[in-house]
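Printed here is start.cif (mmCIF, C-alpha atoms and all ligand atoms):
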data_protein
loop_
_atom_site.label_atom_id
_atom_site.label_comp_id
_atom_site.auth_asym_id
_atom_site.auth_seq_id
_atom_site.Cartn_x
_atom_site.Cartn_y
_atom_site.Cartn_z
CA MET L 1 6.69 67.92 -6.69
CA LYS L 2 7.90 64.34 -6.36
CA GLU L 3 8.43 62.81 -2.95
CA ILE L 4 11.80 61.90 -1.54
CA LEU L 5 12.33 58.15 -1.31
CA GLN L 6 14.68 58.46 1.68
CA ASP L 7 12.06 60.34 3.72
CA TYR L 8 10.19 57.12 4.46
CA SER L 9 10.59 54.25 6.87
CA LEU L 10 10.12 50.76 5.55
CA ASP L 11 6.55 50.56 6.87
CA GLU L 12 5.67 53.95 5.40
CA LEU L 13 7.19 52.93 2.10
CA LYS L 14 5.03 49.81 1.95
CA GLU L 15 1.93 51.93 2.52
CA LYS L 16 3.04 54.53 -0.05
CA LEU L 17 3.58 51.87 -2.68
CA THR L 18 0.11 50.50 -2.12
CA ASN L 19 -1.32 54.03 -2.33
CA ILE L 20 0.28 54.74 -5.70
CA GLY L 21 -0.87 51.40 -7.00
CA ILE L 22 2.43 49.56 -7.13
CA LYS L 23 1.55 46.20 -5.72
CA MET L 24 4.96 45.27 -4.49
CA PRO L 25 5.07 42.21 -2.34
CA ARG L 26 6.75 42.67 1.04
CA LEU L 27 10.13 41.61 -0.25
CA ARG L 28 10.12 44.22 -2.99
CA ALA L 29 9.46 47.09 -0.59
CA GLU L 30 12.40 45.88 1.45
CA GLN L 31 14.56 45.76 -1.66
CA LEU L 32 13.52 49.28 -2.55
CA TYR L 33 14.30 50.49 0.98
CA LYS L 34 17.74 48.95 0.77
CA TRP L 35 18.37 50.47 -2.66
CA ALA L 36 17.32 53.86 -1.30
CA HIS L 37 19.89 53.49 1.46
CA GLU L 38 22.54 52.39 -1.04
CA TYR L 39 21.71 55.76 -2.62
CA ALA L 40 21.16 53.94 -5.89
CA LYS L 41 19.55 55.62 -8.89
CA PHE L 42 16.40 53.96 -10.21
CA ASP L 43 18.39 52.64 -13.21
CA GLU L 44 20.66 50.78 -10.83
CA MET L 45 17.83 48.96 -9.02
CA THR L 46 18.26 45.99 -11.28
CA ASN L 47 16.27 43.47 -9.27
CA LEU L 48 13.09 45.56 -9.70
CA SER L 49 11.19 45.29 -12.95
CA LEU L 50 11.63 48.03 -15.56
CA GLU L 51 7.95 48.83 -15.30
CA ASP L 52 8.10 49.22 -11.51
CA ARG L 53 11.17 51.42 -11.82
CA LYS L 54 9.35 53.65 -14.31
CA VAL L 55 6.36 54.12 -12.00
CA LEU L 56 8.65 54.70 -9.04
CA SER L 57 10.61 57.38 -10.87
CA GLU L 58 7.37 59.17 -11.70
CA HIS L 59 6.52 59.43 -8.00
CA PHE L 60 9.84 59.64 -6.21
CA GLU L 61 13.19 61.37 -6.27
CA ASP L 62 16.07 58.95 -5.75
CA GLU L 63 18.78 61.53 -5.07
CA PRO L 64 17.57 64.33 -2.75
CA VAL L 65 21.10 65.59 -2.06
CA LYS L 66 23.71 65.89 -4.80
CA ILE L 67 27.40 66.37 -4.13
CA GLU L 68 28.15 69.64 -5.86
CA LYS L 69 31.81 69.76 -4.82
CA GLU L 70 34.24 67.67 -2.83
CA PHE L 71 37.24 69.38 -1.22
CA ILE L 72 39.98 67.09 0.03
CA SER L 73 42.36 68.32 2.69
CA THR L 74 45.99 67.30 3.04
CA ASP L 75 45.10 65.52 6.31
CA GLY L 76 42.39 63.42 4.63
CA THR L 77 39.42 65.47 5.82
CA LYS L 78 36.84 65.91 3.09
CA LYS L 79 34.43 68.79 2.91
CA TYR L 80 31.29 68.57 0.82
CA LEU L 81 29.08 71.16 -0.70
CA PHE L 82 25.66 69.59 -1.29
CA LYS L 83 22.92 70.82 -3.59
CA LEU L 84 19.29 70.18 -2.68
CA LEU L 85 16.54 69.68 -5.24
CA ASP L 86 15.37 73.29 -4.86
CA GLY L 87 18.90 74.56 -5.52
CA ASN L 88 19.71 75.40 -1.89
CA LEU L 89 23.24 74.62 -0.75
CA ILE L 90 24.33 72.98 2.50
CA GLU L 91 27.60 71.54 3.68
CA GLY L 92 29.07 68.58 5.47
CA VAL L 93 32.48 67.25 6.49
CA LEU L 94 33.96 63.76 6.67
CA MET L 95 36.72 63.44 9.25
CA LYS L 96 39.05 60.46 9.53
CA TYR L 97 39.96 59.34 13.01
CA LYS L 98 41.80 56.28 14.23
CA TYR L 99 38.54 54.69 15.35
CA GLY L 100 36.63 55.39 12.14
CA ASN L 101 35.10 58.03 9.91
CA THR L 102 32.86 60.72 11.34
CA ILE L 103 30.48 62.70 9.16
CA CYS L 104 29.20 66.09 10.21
CA VAL L 105 25.80 66.79 8.66
CA SER L 106 23.52 69.82 8.32
CA THR L 107 19.94 69.89 9.62
CA GLN L 108 18.68 73.21 8.22
CA VAL L 109 19.45 75.63 5.41
CA GLY L 110 20.70 78.54 7.51
CA CYS L 111 19.73 78.91 11.17
CA ARG L 112 17.55 81.32 13.10
CA MET L 113 19.43 81.14 16.39
CA GLY L 114 21.72 84.02 15.40
CA CYS L 115 24.78 83.21 17.52
CA LEU L 116 27.19 86.10 17.12
CA PHE L 117 30.23 83.98 16.23
CA CYS L 118 28.56 81.74 13.65
CA ALA L 119 28.60 82.08 9.87
CA THR L 120 25.53 79.86 9.37
CA GLY L 121 23.19 82.18 11.23
CA LEU L 122 24.16 85.33 9.34
CA ASP L 123 21.37 85.06 6.77
CA GLY L 124 18.77 83.62 9.13
CA MET L 125 16.85 80.43 8.54
CA ILE L 126 15.83 79.52 5.04
CA ARG L 127 14.18 76.16 5.67
CA ASN L 128 14.29 72.90 7.55
CA LEU L 129 15.77 69.83 5.91
CA SER L 130 13.56 66.77 5.67
CA ALA L 131 14.68 63.50 7.27
CA GLY L 132 15.59 62.17 3.81
CA GLU L 133 17.69 65.25 3.04
CA ILE L 134 19.70 64.76 6.24
CA LEU L 135 20.02 61.05 5.50
CA GLY L 136 20.93 61.82 1.87
CA GLN L 137 24.11 63.58 3.05
CA VAL L 138 25.25 60.43 4.88
CA LEU L 139 24.31 58.12 2.00
CA ALA L 140 25.89 60.30 -0.70
CA VAL L 141 29.16 60.55 1.20
CA ASN L 142 29.15 56.83 1.99
CA LYS L 143 28.66 56.06 -1.69
CA ILE L 144 31.28 58.46 -3.07
CA ASN L 145 33.78 56.93 -0.64
CA GLY L 146 33.10 53.44 -1.95
CA GLY L 147 30.75 52.43 0.86
CA THR L 148 27.62 50.31 0.66
CA VAL L 149 24.90 49.40 3.17
CA ALA L 150 26.74 46.20 4.04
CA ASN L 151 30.20 47.76 4.06
CA ARG L 152 29.69 51.31 5.28
CA GLN L 153 32.50 53.85 5.17
CA ILE L 154 30.97 55.99 7.90
CA THR L 155 31.02 54.91 11.53
CA ASN L 156 29.98 58.05 13.42
CA ILE L 157 27.67 60.99 12.85
CA VAL L 158 27.65 64.42 14.43
CA LEU L 159 24.70 66.74 13.88
CA MET L 160 26.93 69.78 13.88
CA GLY L 161 26.73 71.23 10.40
CA CYS L 162 24.49 74.12 9.38
CA GLY L 163 21.37 74.60 11.46
CA GLU L 164 20.02 73.92 14.93
CA PRO L 165 18.88 70.28 15.11
CA LEU L 166 16.41 70.84 17.96
CA ASP L 167 14.71 73.58 15.92
CA ASN L 168 13.89 70.85 13.36
CA PHE L 169 13.00 68.27 15.98
CA ASP L 170 10.67 65.81 14.23
CA ASN L 171 12.74 65.50 11.06
CA VAL L 172 15.95 65.09 13.03
CA VAL L 173 14.46 62.36 15.22
CA LYS L 174 13.15 60.60 12.16
CA PHE L 175 16.58 60.84 10.54
CA ILE L 176 18.19 59.27 13.62
CA LYS L 177 15.74 56.37 13.43
CA LEU L 178 16.27 55.88 9.69
CA VAL L 179 20.06 56.03 9.76
CA SER L 180 20.18 53.53 12.64
CA SER L 181 17.68 51.13 11.05
CA SER L 182 19.04 47.66 10.51
CA LYS L 183 16.57 46.16 8.03
CA GLY L 184 18.09 47.40 4.78
CA GLY L 185 19.31 50.61 6.40
CA ILE L 186 22.90 51.73 6.86
CA ASN L 187 22.55 50.80 10.55
CA ILE L 188 24.81 53.31 12.28
CA SER L 189 24.42 52.74 16.01
CA GLN L 190 22.64 55.52 17.92
CA ARG L 191 25.55 55.34 20.36
CA ASN L 192 27.74 56.67 17.56
CA ILE L 193 25.51 59.66 16.88
CA SER L 194 25.97 63.00 18.60
CA LEU L 195 23.51 65.90 18.46
CA SER L 196 24.84 69.40 19.09
CA THR L 197 22.52 72.16 20.29
CA CYS L 198 22.80 75.77 21.35
CA GLY L 199 20.50 74.81 24.23
CA ILE L 200 16.74 74.78 23.56
CA ALA L 201 15.91 73.53 27.06
CA PRO L 202 12.37 72.11 26.57
CA LYS L 203 13.48 70.26 23.45
CA ILE L 204 16.37 68.69 25.35
CA ARG L 205 13.81 67.25 27.79
CA GLU L 206 11.65 66.04 24.91
CA LEU L 207 14.68 64.35 23.40
CA ALA L 208 15.51 62.69 26.71
CA ASP L 209 11.99 61.25 26.86
CA LEU L 210 12.48 59.50 23.51
CA ASP L 211 15.15 57.22 25.00
CA LEU L 212 17.40 57.31 21.95
CA GLY L 213 20.96 56.17 22.59
CA ILE L 214 22.55 59.34 21.20
CA THR L 215 25.08 61.67 22.84
CA LEU L 216 23.98 65.19 23.70
CA THR L 217 26.46 67.95 22.94
CA ILE L 218 25.86 71.44 24.30
CA SER L 219 27.38 74.57 22.76
CA LEU L 220 27.98 76.35 26.05
CA HIS L 221 30.57 79.07 25.27
CA ALA L 222 29.80 81.12 28.40
CA THR L 223 29.46 80.55 32.14
CA THR L 224 27.34 83.57 33.03
CA ASP L 225 23.93 84.52 31.66
CA GLU L 226 25.24 88.01 31.08
CA PHE L 227 28.03 86.98 28.71
CA ARG L 228 26.00 84.18 27.12
CA LYS L 229 23.28 86.69 26.19
CA GLN L 230 25.92 88.84 24.51
CA ILE L 231 27.00 86.07 22.15
CA MET L 232 24.01 83.69 21.97
CA LYS L 233 20.43 84.90 21.50
CA ILE L 234 19.02 81.65 22.87
CA ALA L 235 20.31 82.69 26.32
CA ASN L 236 17.53 85.30 26.42
CA ALA L 237 14.97 82.51 26.25
CA TYR L 238 16.70 80.00 28.57
CA SER L 239 19.02 80.89 31.41
CA LEU L 240 21.97 78.71 32.36
CA ALA L 241 19.86 77.45 35.26
CA ASP L 242 17.08 76.37 32.84
CA LEU L 243 19.62 74.84 30.49
CA PHE L 244 21.40 72.84 33.18
CA GLU L 245 18.11 71.63 34.61
CA ALA L 246 17.33 70.17 31.18
CA ILE L 247 20.85 68.74 30.82
CA ASN L 248 20.56 67.05 34.20
CA TYR L 249 17.22 65.60 33.16
CA TYR L 250 18.83 64.22 29.98
CA PHE L 251 21.72 62.78 31.96
CA LYS L 252 19.51 61.12 34.58
CA LYS L 253 17.31 59.59 31.90
CA THR L 254 20.02 58.38 29.53
CA LYS L 255 23.12 58.02 31.75
CA ARG L 256 25.08 59.19 28.71
CA ARG L 257 28.10 61.42 29.22
CA ILE L 258 27.33 65.01 28.23
CA MET L 259 29.70 66.76 25.82
CA PHE L 260 30.26 70.52 25.85
CA GLU L 261 31.64 72.74 23.13
CA TYR L 262 33.47 75.81 24.35
CA ILE L 263 35.03 78.46 22.11
CA LEU L 264 38.19 79.95 23.59
CA LEU L 265 37.62 83.69 23.92
CA ASP L 266 39.36 86.42 25.85
CA LYS L 267 36.21 86.93 27.92
CA ASN L 268 35.33 83.33 28.86
CA THR L 269 38.67 81.86 29.93
CA THR L 270 39.25 83.25 33.45
CA VAL L 271 39.74 81.28 36.64
CA HIS L 272 36.15 82.21 37.54
CA ASP L 273 34.90 80.58 34.33
CA ALA L 274 36.71 77.36 35.23
CA ARG L 275 35.17 77.39 38.71
CA ARG L 276 31.71 78.12 37.37
CA ILE L 277 32.06 75.25 34.86
CA LYS L 278 32.86 72.95 37.74
CA SER L 279 29.85 74.06 39.70
CA LEU L 280 27.41 74.14 36.75
CA CYS L 281 28.36 70.56 35.84
CA LYS L 282 28.08 69.18 39.37
CA GLY L 283 26.55 65.71 39.30
CA LEU L 284 27.10 65.17 35.56
CA SER L 285 29.51 62.90 33.75
CA TYR L 286 30.88 65.26 31.11
CA HIS L 287 33.71 66.35 28.84
CA PHE L 288 34.68 69.70 27.32
CA ASN L 289 35.86 70.25 23.76
CA LEU L 290 37.80 73.49 23.66
CA ILE L 291 37.66 75.15 20.25
CA PRO L 292 39.82 77.92 18.87
CA ILE L 293 37.35 80.33 17.23
CA ASN L 294 37.16 80.27 13.45
CA GLN L 295 37.16 83.62 11.70
CA THR L 296 33.78 84.86 10.43
CA PRO L 297 32.69 88.38 9.44
CA ASN L 298 31.66 89.14 13.04
CA THR L 299 34.80 87.82 14.70
CA LYS L 300 36.78 90.60 13.05
CA VAL L 301 34.67 93.44 14.42
CA ARG L 302 33.07 92.34 17.71
CA PRO L 303 35.14 92.81 20.86
CA GLU L 304 33.11 90.06 22.61
CA LEU L 305 34.64 87.59 20.17
CA LYS L 306 38.28 88.47 20.72
CA PRO L 307 40.10 85.12 20.81
CA ALA L 308 41.92 84.01 23.94
CA SER L 309 45.66 84.66 23.66
CA LYS L 310 48.09 81.75 23.85
CA THR L 311 48.95 82.64 27.43
CA LYS L 312 45.32 82.93 28.44
CA THR L 313 44.51 79.60 26.80
CA ALA L 314 47.38 77.91 28.64
CA GLU L 315 46.24 79.42 31.94
CA PHE L 316 42.67 78.29 31.33
CA TRP L 317 43.90 74.73 30.77
CA GLN L 318 45.55 74.86 34.15
CA TYR L 319 42.43 76.28 35.84
CA LEU L 320 40.34 73.48 34.35
CA LYS L 321 42.88 70.91 35.50
CA ASP L 322 42.89 72.41 39.00
CA ASN L 323 39.11 71.98 39.04
CA ASN L 324 39.23 68.43 37.64
CA VAL L 325 37.31 69.41 34.53
CA SER L 326 37.92 66.86 31.77
CA ALA L 327 38.80 68.71 28.56
CA THR L 328 40.57 68.33 25.23
CA THR L 329 41.14 70.58 22.27
CA ARG L 330 39.23 69.44 19.27
CA ARG L 331 41.64 68.52 16.54
CA THR L 332 41.12 71.14 13.90
CA LEU L 333 40.78 68.92 10.89
CA GLY L 334 40.96 70.13 7.35
CA GLU L 335 41.95 73.67 8.22
CA ASP L 336 43.13 74.28 4.69
CA ILE L 337 39.71 73.56 3.22
CA SER L 338 37.01 74.29 5.73
CA GLY L 339 36.87 77.27 8.08
CA ALA L 340 33.81 77.45 10.29
CA CYS L 341 30.64 75.77 9.19
CA GLY L 342 28.55 77.96 6.97
CA GLN L 343 31.55 79.53 5.31
CA LEU L 344 31.73 77.22 2.36
CA ARG L 345 28.12 77.84 1.45
CA ARG L 346 28.53 81.59 1.88
CA SER L 347 31.64 81.79 -0.22
CA LYS L 348 29.93 79.77 -2.96
CA MET L 349 26.84 81.99 -2.87
CA GLU L 350 28.91 85.13 -2.95
CA GLY L 351 30.86 83.73 -5.88
CA LYS L 352 34.19 83.94 -4.06
N1 LIG H 1 23.33 74.57 16.04
C1 LIG H 1 24.09 73.59 16.72
C2 LIG H 1 24.96 72.75 15.82
C3 LIG H 1 25.63 73.45 14.69
S1 LIG H 1 26.92 74.58 15.12
C4 LIG H 1 24.92 74.22 17.82
O1 LIG H 1 24.99 75.43 17.88
O2 LIG H 1 25.43 73.48 18.65
C5 LIG H 1 28.25 73.47 15.45
C6 LIG H 1 29.29 73.98 16.42
O3 LIG H 1 30.12 74.97 15.81
C7 LIG H 1 28.70 74.62 17.68
O4 LIG H 1 29.35 74.17 18.83
C8 LIG H 1 28.98 76.08 17.43
O5 LIG H 1 28.97 76.78 18.63
C9 LIG H 1 30.31 76.02 16.72
N2 LIG H 1 30.68 77.23 16.01
C10 LIG H 1 29.90 78.07 15.32
N3 LIG H 1 30.61 79.10 14.83
C11 LIG H 1 31.89 78.90 15.20
C12 LIG H 1 33.12 79.62 15.00
N4 LIG H 1 33.14 80.77 14.32
N5 LIG H 1 34.24 79.10 15.53
C13 LIG H 1 34.23 77.95 16.22
N6 LIG H 1 33.10 77.23 16.45
C14 LIG H 1 31.95 77.70 15.94
FE1 LIG H 2 22.71 78.17 14.71
FE2 LIG H 2 24.50 76.61 15.97
FE3 LIG H 2 25.29 78.64 14.39
FE4 LIG H 2 24.14 79.16 16.73
S1 LIG H 2 26.09 78.10 16.40
S2 LIG H 2 23.67 80.19 14.78
S3 LIG H 2 22.63 77.54 16.84
S4 LIG H 2 24.20 76.81 13.73
#
Show this structure as structure tokens.
Ligand code: SAH
Ligand code: SF4
Amino acid sequence: MKEILQDYSLDELKEKLTNIGIKMPRLRAEQLYKWAHEYAKFDEMTNLSLEDRKVLSEHFEDEPVKIEKEFISTDGTKKYLFKLLDGNLIEGVLMKYKYGNTICVSTQVGCRMGCLFCATGLDGMIRNLSAGEILGQVLAVNKINGGTVANRQITNIVLMGCGEPLDNFDNVVKFIKLVSSSKGGINISQRNISLSTCGIAPKIRELADLDLGITLTISLHATTDEFRKQIMKIANAYSLADLFEAINYYFKKTKRRIMFEYILLDKNTTVHDARRIKSLCKGLSYHFNLIPINQTPNTKVRPELKPASKTKTAEFWQYLKDNNVSATTRRTLGEDISGACGQLRRSKMEGK
């Protein structure tokens, strides 16, 4: 199988080219790197010789992620169904905010974390995405929206699509380095990248040690180990105490504000939950995103996933306020086209 052009850093690309016998001077490798990040097809790389382009196309794929379908919501949100070279499908979303455009990308096909509320995890993990396949989502969406490397149409990235980014650690870290590379790369600042995890504690520490500038987002969803274990399998491996030790380590190392995702359920929105949030987060700079739960097959049948009523939600807001917990409700963008992550791919696979 051919290799994916976008999997390689500029230095690796130079070495690769030498290995396959293309004697490209330094400048050419840089041009190729830039073309790769423009998401150009080989035919479009007009400043490379025809002969070079032919050899390159024999060794490399120029388009690891194809946009299979684009769904445009009335509020401007765009949802993408991407097809990988092996036929697997993944999804991503482009959200328009006042401050810029945020893309939500996938890091795995499926996910093996098996959170009860999530559509992605229902079929387990199929495979990891390579760095170039994660990058390809950003580049393809930038291109289809009229963006280039010099004039990018994407300002922020959240690793919040299908998959658990810390379960695909090396490829995700490589992706972050590639997408923030300035020499020919699309150069999205690491400060504008957020990685969301269900809480693989040792990997959070490992990430902290890499000194990247990214924001850490934790899918918390519960304030006791007992309830967390009921809805998130990962809680059996790492207790809240383990998780918060790792979060504190990340915070001390990076000084970056920690973001939390919290689904509003009947069982996790009591006054005790608000107090426990306050005490768990002691010493951190943090913010909570409160999320109304999206319907998935499990949400209809599992009592643990009963959504918080309007009254309960309003009361919880007050409890959080009383405890000085900073929180907002995430704007639910593109409700008419999206649903929870993982649903688009499922409905496509099931032929709905
Ligand atoms: N695996 C990572 C990132 C992908 S999931 C993680 O778990 O953080 C992205 C976000 O969607 C997570 O916060 C997850 O908890 C949330 N999510 C999953 N299913 C959901 C649902 N049915 N309704 C609302 N949010 C959901
Ligand atoms: Fe995986 Fe995140 Fe879904 Fe949990 S919520 S199953 S970690 S994608």
Using only C-alpha atoms and all ligand atoms, I'd like a table of the residues in chain L that come within 7 Å of ligand LIG 2 (chain H); for each, show the closest atom pair and its distance in Å rounded to one decimal, ordered by chain and ascending number, as a Markdown table.
| residue | atom | partner | partner_atom | distance |
| --- | --- | --- | --- | --- |
| L:Cys111 | CA | H:LIG2 | FE1 | 4.7 |
| L:Arg112 | CA | H:LIG2 | FE1 | 6.3 |
| L:Met113 | CA | H:LIG2 | S2 | 4.6 |
| L:Gly114 | CA | H:LIG2 | S2 | 4.3 |
| L:Cys115 | CA | H:LIG2 | FE4 | 4.2 |
| L:Cys118 | CA | H:LIG2 | FE3 | 4.6 |
| L:Ala119 | CA | H:LIG2 | FE3 | 6.6 |
| L:Thr120 | CA | H:LIG2 | FE3 | 5.2 |
| L:Gly121 | CA | H:LIG2 | S2 | 4.1 |
| L:Gly161 | CA | H:LIG2 | S4 | 7.0 |
| L:Cys162 | CA | H:LIG2 | S4 | 5.1 |
| L:Gly163 | CA | H:LIG2 | S4 | 4.2 |
| L:Glu164 | CA | H:LIG2 | S3 | 4.9 |
| L:Thr197 | CA | H:LIG2 | S3 | 6.4 |
| L:Cys198 | CA | H:LIG2 | S3 | 4.8 |
| L:Met232 | CA | H:LIG2 | FE4 | 6.9 |
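Between atom C14 of ligand LIG 1 (chain H) and atom CA of L:Ala314 lies a distance of 20.0 Å.
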For L:Ile20: contacts at 12 Å, only C-alpha atoms, fewer than 3 positions along chain excluded, given as a PyMOL selection string
chain L and resi 3+13-17+23-24+52+55-60
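Across the model, the gap from atom CA of L:Ile157 to atom CA of L:Thr102 is 5.4 Å.
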Could you state the separation of atom CA of L:Leu320 and atom CA of L:His287 in Å, given to one decimal place?
11.2 Å
Have a look at L:Asp242, L:Asp7, L:Glu91, L:Glu206 and name the one nearest to ligand LIG 1 (chain H); count all atoms listed in the file.
L:Glu91
Report as JSON the centre and the edge lengths, in Å to one decimal, of the axis-aligned box holding every listed atom of ligand LIG 1 (chain H), padded by 3 Å on each side.
{"center_x": 28.8, "center_y": 76.8, "center_z": 16.6, "size_x": 16.9, "size_y": 14.0, "size_z": 10.5}
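Remark: for ligand LIG 1 (chain H), the closest of the candidate residues L:Leu243, L:Ile214, L:Ile144, L:Leu116 is L:Leu116 (distances computed over all atoms listed in the file).
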Residue nearest L:Lys255 - candidates L:Pro202, L:Gly283, L:Gly21, L:Pro303, atoms counted: only C-alpha atoms
L:Gly283
Do a neighbour search on L:Val65 at 12 Å with all atoms listed in the file, toss out local chain neighbours closer than 4 positions, and write the hits as a ChimeraX atom specification.
/L:4-7,39,61,69,80-92,105-106,129-141
Dump of C-alpha atoms for the selected residues, as a compact mmCIF listing (two decimals), in the coordinates of the input:
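And here is the file that came out, selection22.txt:
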# COMPACT_ATOMS: atom_id res chain seq x y z
CA ILE L 4 11.80 61.90 -1.54
CA LEU L 5 12.33 58.15 -1.31
CA GLN L 6 14.68 58.46 1.68
CA ASP L 7 12.06 60.34 3.72
CA TYR L 39 21.71 55.76 -2.62
CA GLU L 61 13.19 61.37 -6.27
CA LYS L 69 31.81 69.76 -4.82
CA TYR L 80 31.29 68.57 0.82
CA LEU L 81 29.08 71.16 -0.70
CA PHE L 82 25.66 69.59 -1.29
CA LYS L 83 22.92 70.82 -3.59
CA LEU L 84 19.29 70.18 -2.68
CA LEU L 85 16.54 69.68 -5.24
CA ASP L 86 15.37 73.29 -4.86
CA GLY L 87 18.90 74.56 -5.52
CA ASN L 88 19.71 75.40 -1.89
CA LEU L 89 23.24 74.62 -0.75
CA ILE L 90 24.33 72.98 2.50
CA GLU L 91 27.60 71.54 3.68
CA GLY L 92 29.07 68.58 5.47
CA VAL L 105 25.80 66.79 8.66
CA SER L 106 23.52 69.82 8.32
CA LEU L 129 15.77 69.83 5.91
CA SER L 130 13.56 66.77 5.67
CA ALA L 131 14.68 63.50 7.27
CA GLY L 132 15.59 62.17 3.81
CA GLU L 133 17.69 65.25 3.04
CA ILE L 134 19.70 64.76 6.24
CA LEU L 135 20.02 61.05 5.50
CA GLY L 136 20.93 61.82 1.87
CA GLN L 137 24.11 63.58 3.05
CA VAL L 138 25.25 60.43 4.88
CA LEU L 139 24.31 58.12 2.00
CA ALA L 140 25.89 60.30 -0.70
CA VAL L 141 29.16 60.55 1.20
Return the single residue from L:Glu261, L:Glu245, L:Asp167, L:Asp211 that is closest to ligand LIG 1 (chain H), with distances computed using only C-alpha atoms and all ligand atoms.
L:Glu261
Excluding same-chain residues fewer than 2 positions from L:Thr313, what lies within 10 Å of it counting only C-alpha atoms, as a ChimeraX atom specification?
/L:264-266,269-270,290,292,307-311,315-319
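Minimum atom-to-atom distance to L:Leu10, evaluated using all atoms listed in the file, belongs to L:Ser181 out of L:Asn192, L:Gln230, L:Ser181, L:Asn248.
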Only C-alpha atoms, please: stretch 196-241 of chain L from the block, as a PDB file, in the first residue's frame.
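What ended up in out-v3.pdb:
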ATOM      1  CA  SER L 196     -10.906  15.893  24.995  1.00  0.00           C
ATOM      2  CA  THR L 197     -10.432  12.677  26.957  1.00  0.00           C
ATOM      3  CA  CYS L 198     -12.549  10.335  29.037  1.00  0.00           C
ATOM      4  CA  GLY L 199      -9.660  10.375  31.514  1.00  0.00           C
ATOM      5  CA  ILE L 200      -6.756   7.978  30.887  1.00  0.00           C
ATOM      6  CA  ALA L 201      -4.765   9.270  33.861  1.00  0.00           C
ATOM      7  CA  PRO L 202      -1.206   8.113  32.993  1.00  0.00           C
ATOM      8  CA  LYS L 203      -1.564   9.450  29.465  1.00  0.00           C
ATOM      9  CA  ILE L 204      -2.648  12.833  30.811  1.00  0.00           C
ATOM     10  CA  ARG L 205       0.644  12.976  32.729  1.00  0.00           C
ATOM     11  CA  GLU L 206       2.575  11.921  29.631  1.00  0.00           C
ATOM     12  CA  LEU L 207       0.862  14.675  27.672  1.00  0.00           C
ATOM     13  CA  ALA L 208       1.726  17.222  30.346  1.00  0.00           C
ATOM     14  CA  ASP L 209       5.398  16.250  30.087  1.00  0.00           C
ATOM     15  CA  LEU L 210       5.430  17.080  26.362  1.00  0.00           C
ATOM     16  CA  ASP L 211       4.864  20.774  27.107  1.00  0.00           C
ATOM     17  CA  LEU L 212       2.486  21.338  24.204  1.00  0.00           C
ATOM     18  CA  GLY L 213       0.400  24.494  24.465  1.00  0.00           C
ATOM     19  CA  ILE L 214      -2.930  22.702  24.066  1.00  0.00           C
ATOM     20  CA  THR L 215      -6.009  22.826  26.302  1.00  0.00           C
ATOM     21  CA  LEU L 216      -7.000  19.684  28.160  1.00  0.00           C
ATOM     22  CA  THR L 217     -10.710  18.883  28.240  1.00  0.00           C
ATOM     23  CA  ILE L 218     -11.999  16.189  30.566  1.00  0.00           C
ATOM     24  CA  SER L 219     -15.282  14.340  30.007  1.00  0.00           C
ATOM     25  CA  LEU L 220     -16.215  14.124  33.668  1.00  0.00           C
ATOM     26  CA  HIS L 221     -19.986  13.419  33.716  1.00  0.00           C
ATOM     27  CA  ALA L 222     -20.010  12.137  37.314  1.00  0.00           C
ATOM     28  CA  THR L 223     -18.762  13.258  40.720  1.00  0.00           C
ATOM     29  CA  THR L 224     -18.645   9.882  42.465  1.00  0.00           C
ATOM     30  CA  ASP L 225     -16.703   6.790  41.456  1.00  0.00           C
ATOM     31  CA  GLU L 226     -19.856   4.769  41.917  1.00  0.00           C
ATOM     32  CA  PHE L 227     -21.902   6.671  39.337  1.00  0.00           C
ATOM     33  CA  ARG L 228     -18.951   7.210  37.005  1.00  0.00           C
ATOM     34  CA  LYS L 229     -18.383   3.442  36.866  1.00  0.00           C
ATOM     35  CA  GLN L 230     -22.014   2.982  35.878  1.00  0.00           C
ATOM     36  CA  ILE L 231     -21.692   5.186  32.808  1.00  0.00           C
ATOM     37  CA  MET L 232     -17.967   5.168  31.943  1.00  0.00           C
ATOM     38  CA  LYS L 233     -15.880   1.977  31.875  1.00  0.00           C
ATOM     39  CA  ILE L 234     -12.645   3.944  32.227  1.00  0.00           C
ATOM     40  CA  ALA L 235     -13.685   4.740  35.830  1.00  0.00           C
ATOM     41  CA  ASN L 236     -12.944   1.106  36.702  1.00  0.00           C
ATOM     42  CA  ALA L 237      -9.323   1.660  35.737  1.00  0.00           C
ATOM     43  CA  TYR L 238      -8.859   5.163  37.210  1.00  0.00           C
ATOM     44  CA  SER L 239     -10.732   6.547  40.173  1.00  0.00           C
ATOM     45  CA  LEU L 240     -11.676  10.209  40.424  1.00  0.00           C
ATOM     46  CA  ALA L 241      -8.760  10.599  42.840  1.00  0.00           C
TER      47      ALA L 241
END
